[in-house]
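Structure file run-v8.tsv (TSV, C-alpha atoms) follows.
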chain	number	residue	atom	x	y	z
A	266	SER	CA	43.66	-77.54	8.29
A	267	GLY	CA	42.26	-75.24	5.64
A	268	GLY	CA	38.75	-76.30	6.60
A	269	ILE	CA	39.37	-75.58	10.28
A	270	LEU	CA	40.92	-72.18	9.55
A	271	SER	CA	38.02	-71.34	7.26
A	272	ARG	CA	35.49	-72.16	9.98
A	273	VAL	CA	37.45	-70.12	12.54
A	274	ALA	CA	37.57	-67.14	10.16
A	275	GLU	CA	33.85	-67.41	9.46
A	276	LYS	CA	33.05	-67.62	13.17
A	277	ALA	CA	35.20	-64.55	13.85
A	278	LYS	CA	33.44	-62.64	11.05
A	279	ASN	CA	30.01	-63.57	12.41
A	280	SER	CA	31.06	-62.45	15.90
A	281	VAL	CA	32.20	-59.07	14.56
A	282	ASP	CA	28.99	-58.66	12.53
A	283	SER	CA	26.92	-59.52	15.60
A	284	MET	CA	28.82	-57.01	17.73
A	285	ILE	CA	28.42	-54.26	15.11
A	286	THR	CA	24.68	-54.83	14.66
A	287	THR	CA	24.17	-54.94	18.43
A	288	LEU	CA	25.93	-51.60	18.87
A	289	ASP	CA	24.35	-50.07	15.77
A	290	PRO	CA	21.28	-51.98	14.49
A	291	GLN	CA	21.16	-49.83	11.35
A	292	MET	CA	24.44	-51.42	10.22
A	293	ARG	CA	22.57	-54.71	9.78
A	294	GLU	CA	21.02	-53.38	6.58
A	295	TYR	CA	24.44	-52.78	5.05
A	296	ILE	CA	26.10	-55.99	6.27
A	297	TYR	CA	23.33	-58.34	5.20
A	298	SER	CA	22.15	-56.56	2.04
A	299	GLY	CA	23.15	-58.10	-1.26
A	300	GLY	CA	23.06	-61.68	-2.41
A	301	ASP	CA	20.68	-62.95	-5.06
A	302	LEU	CA	17.42	-61.97	-3.36
A	303	ASP	CA	15.74	-58.61	-3.97
A	304	ILE	CA	12.42	-57.87	-2.28
A	305	LEU	CA	10.17	-54.84	-2.61
A	306	VAL	CA	7.77	-53.73	0.12
A	307	ALA	CA	4.57	-52.00	-1.01
A	308	SER	CA	5.01	-49.18	1.50
A	309	ARG	CA	7.40	-46.46	2.63
A	310	GLN	CA	6.67	-47.08	6.32
A	311	GLU	CA	9.90	-47.95	8.06
A	312	ILE	CA	8.11	-50.22	10.53
A	313	LYS	CA	7.07	-52.48	7.66
A	314	ILE	CA	10.29	-52.24	5.65
A	315	SER	CA	12.69	-52.85	8.52
A	316	ALA	CA	10.68	-55.79	9.86
A	317	ILE	CA	10.48	-57.49	6.48
A	318	ARG	CA	14.16	-56.78	5.80
A	319	GLU	CA	15.19	-58.35	9.11
A	320	ALA	CA	12.97	-61.38	8.52
A	321	PHE	CA	14.22	-62.15	5.02
A	322	GLN	CA	17.85	-61.55	5.96
A	323	ALA	CA	17.43	-63.92	8.92
A	324	ILE	CA	16.04	-66.68	6.67
A	325	PHE	CA	18.09	-66.14	3.50
A	326	GLY	CA	21.33	-64.81	5.03
A	327	LYS	CA	21.52	-61.87	2.64
A	328	ALA	CA	18.72	-59.95	0.95
A	329	THR	CA	18.15	-56.45	-0.36
A	330	VAL	CA	14.79	-55.09	0.79
A	331	GLU	CA	13.46	-51.67	-0.19
A	332	GLY	CA	10.11	-49.90	0.01
A	333	ILE	CA	8.04	-48.16	-2.63
A	334	GLU	CA	5.17	-45.72	-2.07
A	335	VAL	CA	1.70	-46.89	-3.13
A	336	GLN	CA	-1.87	-45.73	-2.58
A	337	VAL	CA	-5.02	-47.78	-1.98
A	338	LYS	CA	-8.03	-46.23	-3.70
A	339	THR	CA	-10.80	-48.84	-3.74
A	340	ILE	CA	-10.78	-49.99	-0.10
A	341	ALA	CA	-11.61	-47.96	3.01
A	342	THR	CA	-8.88	-46.23	4.98
A	343	GLN	CA	-9.62	-48.66	7.81
A	344	PRO	CA	-10.48	-52.03	6.27
A	345	VAL	CA	-12.91	-54.22	8.21
A	346	GLY	CA	-12.99	-57.99	7.74
A	347	PHE	CA	-10.73	-60.54	6.06
A	348	ALA	CA	-12.00	-59.80	2.56
A	349	ALA	CA	-11.37	-56.04	2.80
A	350	GLY	CA	-7.96	-56.47	4.46
A	351	ILE	CA	-6.72	-58.96	1.88
A	352	LYS	CA	-8.15	-56.91	-1.00
A	353	SER	CA	-6.35	-53.80	0.26
A	354	ALA	CA	-3.04	-55.69	0.44
A	355	GLU	CA	-3.60	-57.09	-3.06
A	356	GLU	CA	-4.24	-53.57	-4.38
A	357	ARG	CA	-0.93	-52.47	-2.90
A	358	LEU	CA	0.80	-55.30	-4.75
A	359	GLU	CA	-0.85	-54.45	-8.05
A	360	ALA	CA	0.08	-50.78	-7.67
A	361	VAL	CA	3.73	-51.81	-7.47
A	362	PHE	CA	3.50	-54.14	-10.48
A	363	GLN	CA	1.85	-51.41	-12.54
A	364	ASN	CA	4.75	-49.04	-11.88
A	365	PRO	CA	6.75	-48.95	-15.15
A	366	ASN	CA	9.97	-48.22	-13.24
A	367	VAL	CA	9.77	-51.41	-11.19
A	368	GLN	CA	11.32	-54.67	-12.35
A	369	ALA	CA	9.50	-57.97	-11.98
A	370	LEU	CA	10.64	-58.60	-8.40
A	371	PRO	CA	8.93	-60.35	-5.49
A	372	VAL	CA	6.78	-57.85	-3.57
A	373	VAL	CA	5.43	-58.00	-0.02
A	374	ALA	CA	2.38	-56.02	1.07
A	375	VAL	CA	1.23	-55.49	4.66
A	376	GLU	CA	-2.25	-54.35	5.61
A	377	ASN	CA	-3.83	-54.13	9.05
A	378	PHE	CA	-7.57	-54.55	9.37
A	379	LEU	CA	-10.32	-54.93	11.95
A	380	LEU	CA	-12.05	-58.22	12.60
A	381	GLU	CA	-15.20	-58.78	14.64
A	382	VAL	CA	-15.04	-62.12	16.44
A	383	GLY	CA	-18.42	-62.77	17.96
A	384	GLU	CA	-20.72	-59.92	18.94
A	385	ASP	CA	-18.93	-56.65	19.82
A	386	THR	CA	-15.56	-58.36	20.21
A	387	TRP	CA	-13.01	-56.68	17.97
A	388	TYR	CA	-9.39	-57.35	17.06
A	389	ASP	CA	-6.75	-55.65	14.95
A	390	LEU	CA	-4.48	-57.89	12.87
A	391	GLY	CA	-2.36	-57.66	9.77
A	392	VAL	CA	-2.11	-59.72	6.60
A	393	LEU	CA	1.20	-60.12	4.78
A	394	ILE	CA	1.08	-61.20	1.14
A	395	LEU	CA	4.12	-62.05	-0.98
A	396	LYS	CA	3.74	-62.26	-4.74
A	397	ASP	CA	6.54	-63.39	-7.06
A	398	PRO	CA	5.28	-62.77	-10.63
A	399	VAL	CA	8.19	-64.53	-12.32
A	400	ARG	CA	7.90	-67.80	-10.38
A	401	GLN	CA	4.11	-67.44	-10.01
A	402	ILE	CA	4.29	-67.79	-6.24
A	403	THR	CA	1.72	-66.16	-3.94
A	404	LEU	CA	1.90	-66.64	-0.17
A	405	GLN	CA	0.22	-65.05	2.83
A	406	THR	CA	0.54	-65.01	6.60
A	407	PHE	CA	-1.15	-63.09	9.40
A	408	THR	CA	0.09	-61.28	12.49
A	409	GLN	CA	-1.18	-62.02	15.96
A	410	MET	CA	-4.44	-60.33	16.92
A	411	THR	CA	-4.62	-57.30	19.21
A	412	PRO	CA	-7.88	-56.62	21.09
A	413	VAL	CA	-9.60	-53.32	20.34
A	414	PRO	CA	-12.20	-51.87	22.75
A	415	THR	CA	-15.70	-51.77	21.31
A	416	ALA	CA	-15.99	-48.11	22.34
A	417	VAL	CA	-13.06	-47.21	20.07
A	418	VAL	CA	-14.60	-49.07	17.15
A	419	SER	CA	-17.84	-47.16	17.78
A	420	LEU	CA	-15.93	-43.87	17.54
A	421	ALA	CA	-14.51	-44.88	14.16
A	422	GLN	CA	-18.00	-45.81	13.00
A	423	GLU	CA	-19.41	-42.48	14.17
A	424	ASP	CA	-16.59	-40.51	12.50
A	425	THR	CA	-17.24	-42.18	9.15
A	426	PRO	CA	-19.67	-40.09	7.06
A	427	LEU	CA	-22.88	-41.77	6.00
A	428	ASP	CA	-22.07	-40.97	2.36
A	429	TYR	CA	-18.50	-42.35	2.54
A	430	SER	CA	-18.18	-44.15	-0.80
A	431	LEU	CA	-16.01	-46.96	0.59
A	432	LYS	CA	-18.11	-47.57	3.69
A	433	TRP	CA	-18.95	-51.08	2.48
A	434	SER	CA	-15.33	-52.08	3.16
A	435	GLY	CA	-14.68	-50.24	6.44
A	436	TYR	CA	-14.26	-46.80	8.00
A	437	SER	CA	-12.82	-43.49	6.84
A	438	VAL	CA	-10.58	-43.14	9.92
A	439	THR	CA	-8.08	-45.63	11.28
A	440	ILE	CA	-8.43	-47.41	14.58
A	441	GLY	CA	-4.80	-46.52	15.22
A	442	SER	CA	-5.57	-42.80	15.34
A	443	HIS	CA	-8.25	-43.29	18.01
A	444	MET	CA	-6.20	-45.83	20.00
A	445	ALA	CA	-3.17	-43.52	19.97
A	446	LYS	CA	-5.26	-40.60	21.23
A	447	ASN	CA	-6.83	-42.77	23.91
A	448	LEU	CA	-3.47	-44.10	25.10
A	449	GLY	CA	-1.55	-40.84	24.65
A	450	VAL	CA	1.06	-42.24	22.26
A	451	HIS	CA	2.09	-41.96	18.60
A	452	HIS	CA	-0.24	-43.87	16.27
A	453	SER	CA	2.56	-46.31	15.43
A	454	GLU	CA	3.06	-47.23	19.10
A	455	TRP	CA	-0.43	-48.09	20.30
A	456	HIS	CA	0.03	-51.86	19.97
A	457	HIS	CA	3.01	-51.76	22.31
A	458	ALA	CA	1.31	-49.37	24.73
A	459	LEU	CA	-1.70	-51.68	24.98
A	460	THR	CA	-0.12	-55.14	24.95
A	461	GLY	CA	3.65	-54.74	25.40
A	462	VAL	CA	4.25	-56.08	21.87
A	463	SER	CA	4.99	-53.58	19.11
A	464	ARG	CA	3.47	-53.69	15.65
A	465	ARG	CA	6.97	-54.13	14.23
A	466	GLU	CA	7.48	-57.26	16.35
A	467	MET	CA	4.18	-58.64	15.12
A	468	ILE	CA	5.07	-57.97	11.48
A	469	LEU	CA	8.55	-59.43	12.01
A	470	LEU	CA	7.24	-62.77	13.28
A	471	ALA	CA	4.70	-63.06	10.47
A	472	ALA	CA	7.37	-62.03	7.94
A	473	LYS	CA	9.74	-64.76	9.18
A	474	SER	CA	7.03	-67.32	8.51
A	475	LEU	CA	6.44	-65.77	5.09
A	476	ALA	CA	10.16	-65.82	4.27
A	477	THR	CA	10.46	-69.46	5.36
A	478	LEU	CA	7.48	-70.46	3.22
A	479	TYR	CA	8.98	-68.58	0.28
A	480	LYS	CA	12.37	-70.27	0.70
A	481	SER	CA	10.66	-73.67	0.80
A	482	SER	CA	8.78	-72.79	-2.40
A	483	LEU	CA	12.02	-71.88	-4.16
A	484	ILE	CA	13.72	-75.11	-3.06
A	485	SER	CA	10.81	-77.26	-4.26
A	486	GLU	CA	10.81	-75.73	-7.75

Starting from the file, lay out its structure as structure tokens.
Amino acid sequence: SGGILSRVAEKAKNSVDSMITTLDPQMREYIYSGGDLDILVASRQEIKISAIREAFQAIFGKATVEGIEVQVKTIATQPVGFAAGIKSAEERLEAVFQNPNVQALPVVAVENFLLEVGEDTWYDLGVLILKDPVRQITLQTFTQMTPVPTAVVSLAQEDTPLDYSLKWSGYSVTIGSHMAKNLGVHHSEWHHALTGVSRREMILLAAKSLATLYKSSLISE
């Protein structure tokens, strides 16, 4: 009977937790924080932090996920191409690891970049990289791609000075700023305005895949 009562109690607790997080999504952070998993996000953007927090808590049950401010200095403000996008994310990771106040925790970096697929066909997508220095685990996933009008890419190209020192890796202005102006929305909302899918949703799905891969890596150790 103890087993039955235990399952009933657990089911009741989960129902209450679900009700609370439905009424107040911010309570999810407090209910599901804790456990043995601590993750750092190489950013202070809430869109990135909240998406990664939700993903890892969904896969691990409980996890504490916090963000830390970092700056990318060797890659263009708007990275173009896989190499530049991945390099920018890797620089974010290294900036966290070089911080003397940060413990050796797993870190996730998110970086959106432009990709030309064919001639004058452009997409925006994001790379997510997780690096666990203690267990020597490095994993990466990508978000879905969002089409970007060629005219908007041309504007970013035109607004980038000819003497921009990082021009080899992209543009000095973000595509998001031009897309937001074109669509009349905040720069963080242009994905949703264009496609009906928010950037946070895209990061969340990619982060769930990343969290699942990470959990599998830990189990196989």

(Q) So that I can see what lies close to Asp424 of chain A, please list as a VMD selection string the residues with an atom at most 9 Å from it, counting only C-alpha atoms and leaving out residues fewer than 6 positions away in the same chain. (A) chain A and resid 436 to 438

Q: Extract, using all atoms listed in the file, all DNA, RNA and protein residues at most 8 Å from Ala320 of chain A, discarding same-chain residues fewer than 2 positions from it, and format them as a PyMOL selection string.
A: chain A and resi 316-318+322-324+469-470+472-473+476

Q) From the list A:Leu370, A:Leu395, A:Ala471, A:Ile440, which residue is nearest Leu420 of chain A when using all atoms listed in the file? A)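 Looking at the shortest contact to Leu420 of chain A, the residue is A:Ile440.
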
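Shortest atom-to-atom contact with Tyr479 of chain A among A:Asp397, A:Asp389, A:Glu356, A:Glu376: A:Asp397, counting only C-alpha atoms.
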
Q | Distance of atom CA of Thr329 of chain A from atom CA of Ile314 of chain A, expressed in Å to one decimal place | A |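 Atom CA of Ile314 of chain A sits 10.8 Å away from atom CA of Thr329 of chain A.
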
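Residues with at least one atom no more than 9 Å from (-10.1, -49.4, 11.4), using only C-alpha atoms, are A:Ala341, A:Thr342, A:Gln343, A:Pro344, A:Val345, A:Asn377, A:Phe378, A:Leu379, A:Asp389, A:Val418, A:Ala421, A:Gln422, A:Gly435, A:Tyr436, A:Ser437, A:Val438, A:Thr439, A:Ile440, A:Gly441, A:Ser442.
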
Q) Near Ala369 of chain A, counting all atoms listed in the file, which residues have an atom at most 12 Å away, once you skip same-chain residues fewer than 4 positions from it, shown as a list in words? A) Asp303, Ile304, Leu305, Leu358, Glu359, Val361, Phe362, Gln363, Asn364, Pro365, Lys396, Asp397, Pro398, Val399, Arg400 and Gln401 of chain A

Q: Between atom CA of Ser419 of chain A and atom CA of His443 of chain A, measure the distance and give it in Å to one decimal.
A: 10.3 Å

Q: Between atom CA of Ala348 of chain A and atom CA of Gly461 of chain A, measure the distance and give it in Å to one decimal.
A: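 Computing it gives 28.1 Å between the two atoms.
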
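Comparing the minimum interatomic distances between Met410 of chain A and each of A:Glu355, A:Glu334, A:Glu381, A:Glu311, counting all atoms listed in the file, we find that A:Glu381 sits nearest.
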
Please, could all heavy atoms be added to segment 460-471 of chain A and the result written as a PDB file, in the coordinates of the input?
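As written to disk, rebuild.pdb reads:
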ATOM      1  N   THR A 460      -0.404 -53.720  24.686  1.00  0.00           N
ATOM      2  CA  THR A 460      -0.120 -55.140  24.950  1.00  0.00           C
ATOM      3  C   THR A 460       1.328 -55.445  25.317  1.00  0.00           C
ATOM      4  O   THR A 460       1.626 -56.573  25.723  1.00  0.00           O
ATOM      5  CB  THR A 460      -0.465 -55.992  23.710  1.00  0.00           C
ATOM      6  OG1 THR A 460       0.451 -55.657  22.640  1.00  0.00           O
ATOM      7  CG2 THR A 460      -1.894 -55.738  23.259  1.00  0.00           C
ATOM      8  N   GLY A 461       2.228 -54.467  25.138  1.00  0.00           N
ATOM      9  CA  GLY A 461       3.650 -54.740  25.400  1.00  0.00           C
ATOM     10  C   GLY A 461       4.368 -55.348  24.210  1.00  0.00           C
ATOM     11  O   GLY A 461       5.564 -55.620  24.276  1.00  0.00           O
ATOM     12  N   VAL A 462       3.656 -55.548  23.104  1.00  0.00           N
ATOM     13  CA  VAL A 462       4.250 -56.080  21.870  1.00  0.00           C
ATOM     14  C   VAL A 462       4.028 -55.054  20.762  1.00  0.00           C
ATOM     15  O   VAL A 462       2.888 -54.661  20.496  1.00  0.00           O
ATOM     16  CB  VAL A 462       3.608 -57.422  21.465  1.00  0.00           C
ATOM     17  CG1 VAL A 462       4.267 -57.968  20.199  1.00  0.00           C
ATOM     18  CG2 VAL A 462       3.729 -58.434  22.603  1.00  0.00           C
ATOM     19  N   SER A 463       5.094 -54.614  20.134  1.00  0.00           N
ATOM     20  CA  SER A 463       4.990 -53.580  19.110  1.00  0.00           C
ATOM     21  C   SER A 463       4.455 -54.146  17.796  1.00  0.00           C
ATOM     22  O   SER A 463       4.533 -55.361  17.531  1.00  0.00           O
ATOM     23  CB  SER A 463       6.345 -52.929  18.853  1.00  0.00           C
ATOM     24  OG  SER A 463       7.220 -53.844  18.205  1.00  0.00           O
ATOM     25  N   ARG A 464       3.948 -53.259  16.964  1.00  0.00           N
ATOM     26  CA  ARG A 464       3.470 -53.690  15.650  1.00  0.00           C
ATOM     27  C   ARG A 464       4.629 -54.243  14.828  1.00  0.00           C
ATOM     28  O   ARG A 464       4.471 -55.215  14.089  1.00  0.00           O
ATOM     29  CB  ARG A 464       2.824 -52.518  14.908  1.00  0.00           C
ATOM     30  CG  ARG A 464       2.156 -52.951  13.598  1.00  0.00           C
ATOM     31  CD  ARG A 464       1.656 -51.782  12.792  1.00  0.00           C
ATOM     32  NE  ARG A 464       1.015 -52.239  11.562  1.00  0.00           N
ATOM     33  CZ  ARG A 464       0.879 -51.490  10.469  1.00  0.00           C
ATOM     34  NH1 ARG A 464       1.313 -50.249  10.465  1.00  0.00           N
ATOM     35  NH2 ARG A 464       0.302 -51.976   9.394  1.00  0.00           N
ATOM     36  N   ARG A 465       5.806 -53.641  14.976  1.00  0.00           N
ATOM     37  CA  ARG A 465       6.970 -54.130  14.230  1.00  0.00           C
ATOM     38  C   ARG A 465       7.305 -55.572  14.613  1.00  0.00           C
ATOM     39  O   ARG A 465       7.618 -56.395  13.750  1.00  0.00           O
ATOM     40  CB  ARG A 465       8.191 -53.245  14.492  1.00  0.00           C
ATOM     41  CG  ARG A 465       9.397 -53.640  13.635  1.00  0.00           C
ATOM     42  CD  ARG A 465      10.647 -52.851  13.998  1.00  0.00           C
ATOM     43  NE  ARG A 465      11.730 -53.182  13.089  1.00  0.00           N
ATOM     44  CZ  ARG A 465      12.479 -54.278  13.181  1.00  0.00           C
ATOM     45  NH1 ARG A 465      12.249 -55.164  14.150  1.00  0.00           N
ATOM     46  NH2 ARG A 465      13.450 -54.511  12.317  1.00  0.00           N
ATOM     47  N   GLU A 466       7.221 -55.887  15.905  1.00  0.00           N
ATOM     48  CA  GLU A 466       7.480 -57.260  16.350  1.00  0.00           C
ATOM     49  C   GLU A 466       6.465 -58.222  15.751  1.00  0.00           C
ATOM     50  O   GLU A 466       6.813 -59.344  15.359  1.00  0.00           O
ATOM     51  CB  GLU A 466       7.441 -57.333  17.874  1.00  0.00           C
ATOM     52  CG  GLU A 466       8.598 -56.637  18.571  1.00  0.00           C
ATOM     53  CD  GLU A 466       8.439 -56.671  20.085  1.00  0.00           C
ATOM     54  OE1 GLU A 466       7.610 -55.905  20.614  1.00  0.00           O
ATOM     55  OE2 GLU A 466       9.143 -57.472  20.722  1.00  0.00           O
ATOM     56  N   MET A 467       5.219 -57.790  15.685  1.00  0.00           N
ATOM     57  CA  MET A 467       4.180 -58.640  15.120  1.00  0.00           C
ATOM     58  C   MET A 467       4.435 -58.895  13.633  1.00  0.00           C
ATOM     59  O   MET A 467       4.309 -60.022  13.150  1.00  0.00           O
ATOM     60  CB  MET A 467       2.811 -57.992  15.310  1.00  0.00           C
ATOM     61  CG  MET A 467       2.392 -57.832  16.763  1.00  0.00           C
ATOM     62  SD  MET A 467       0.781 -57.009  16.900  1.00  0.00           S
ATOM     63  CE  MET A 467       0.718 -56.691  18.663  1.00  0.00           C
ATOM     64  N   ILE A 468       4.781 -57.830  12.906  1.00  0.00           N
ATOM     65  CA  ILE A 468       5.070 -57.970  11.480  1.00  0.00           C
ATOM     66  C   ILE A 468       6.301 -58.853  11.279  1.00  0.00           C
ATOM     67  O   ILE A 468       6.335 -59.698  10.376  1.00  0.00           O
ATOM     68  CB  ILE A 468       5.276 -56.595  10.822  1.00  0.00           C
ATOM     69  CG1 ILE A 468       3.968 -55.792  10.857  1.00  0.00           C
ATOM     70  CG2 ILE A 468       5.762 -56.741   9.383  1.00  0.00           C
ATOM     71  CD1 ILE A 468       4.112 -54.361  10.373  1.00  0.00           C
ATOM     72  N   LEU A 469       7.318 -58.667  12.128  1.00  0.00           N
ATOM     73  CA  LEU A 469       8.550 -59.430  12.010  1.00  0.00           C
ATOM     74  C   LEU A 469       8.295 -60.936  12.112  1.00  0.00           C
ATOM     75  O   LEU A 469       8.797 -61.726  11.308  1.00  0.00           O
ATOM     76  CB  LEU A 469       9.547 -58.990  13.087  1.00  0.00           C
ATOM     77  CG  LEU A 469      10.854 -59.791  13.190  1.00  0.00           C
ATOM     78  CD1 LEU A 469      11.633 -59.729  11.884  1.00  0.00           C
ATOM     79  CD2 LEU A 469      11.699 -59.274  14.351  1.00  0.00           C
ATOM     80  N   LEU A 470       7.525 -61.350  13.099  1.00  0.00           N
ATOM     81  CA  LEU A 470       7.240 -62.770  13.280  1.00  0.00           C
ATOM     82  C   LEU A 470       6.480 -63.347  12.083  1.00  0.00           C
ATOM     83  O   LEU A 470       6.787 -64.433  11.589  1.00  0.00           O
ATOM     84  CB  LEU A 470       6.453 -62.995  14.569  1.00  0.00           C
ATOM     85  CG  LEU A 470       7.233 -62.832  15.873  1.00  0.00           C
ATOM     86  CD1 LEU A 470       6.298 -62.982  17.073  1.00  0.00           C
ATOM     87  CD2 LEU A 470       8.362 -63.850  15.964  1.00  0.00           C
ATOM     88  N   ALA A 471       5.472 -62.602  11.628  1.00  0.00           N
ATOM     89  CA  ALA A 471       4.700 -63.060  10.470  1.00  0.00           C
ATOM     90  C   ALA A 471       5.569 -63.082   9.210  1.00  0.00           C
ATOM     91  O   ALA A 471       5.429 -63.967   8.356  1.00  0.00           O
ATOM     92  CB  ALA A 471       3.480 -62.165  10.255  1.00  0.00           C
TER      93      ALA A 471
END
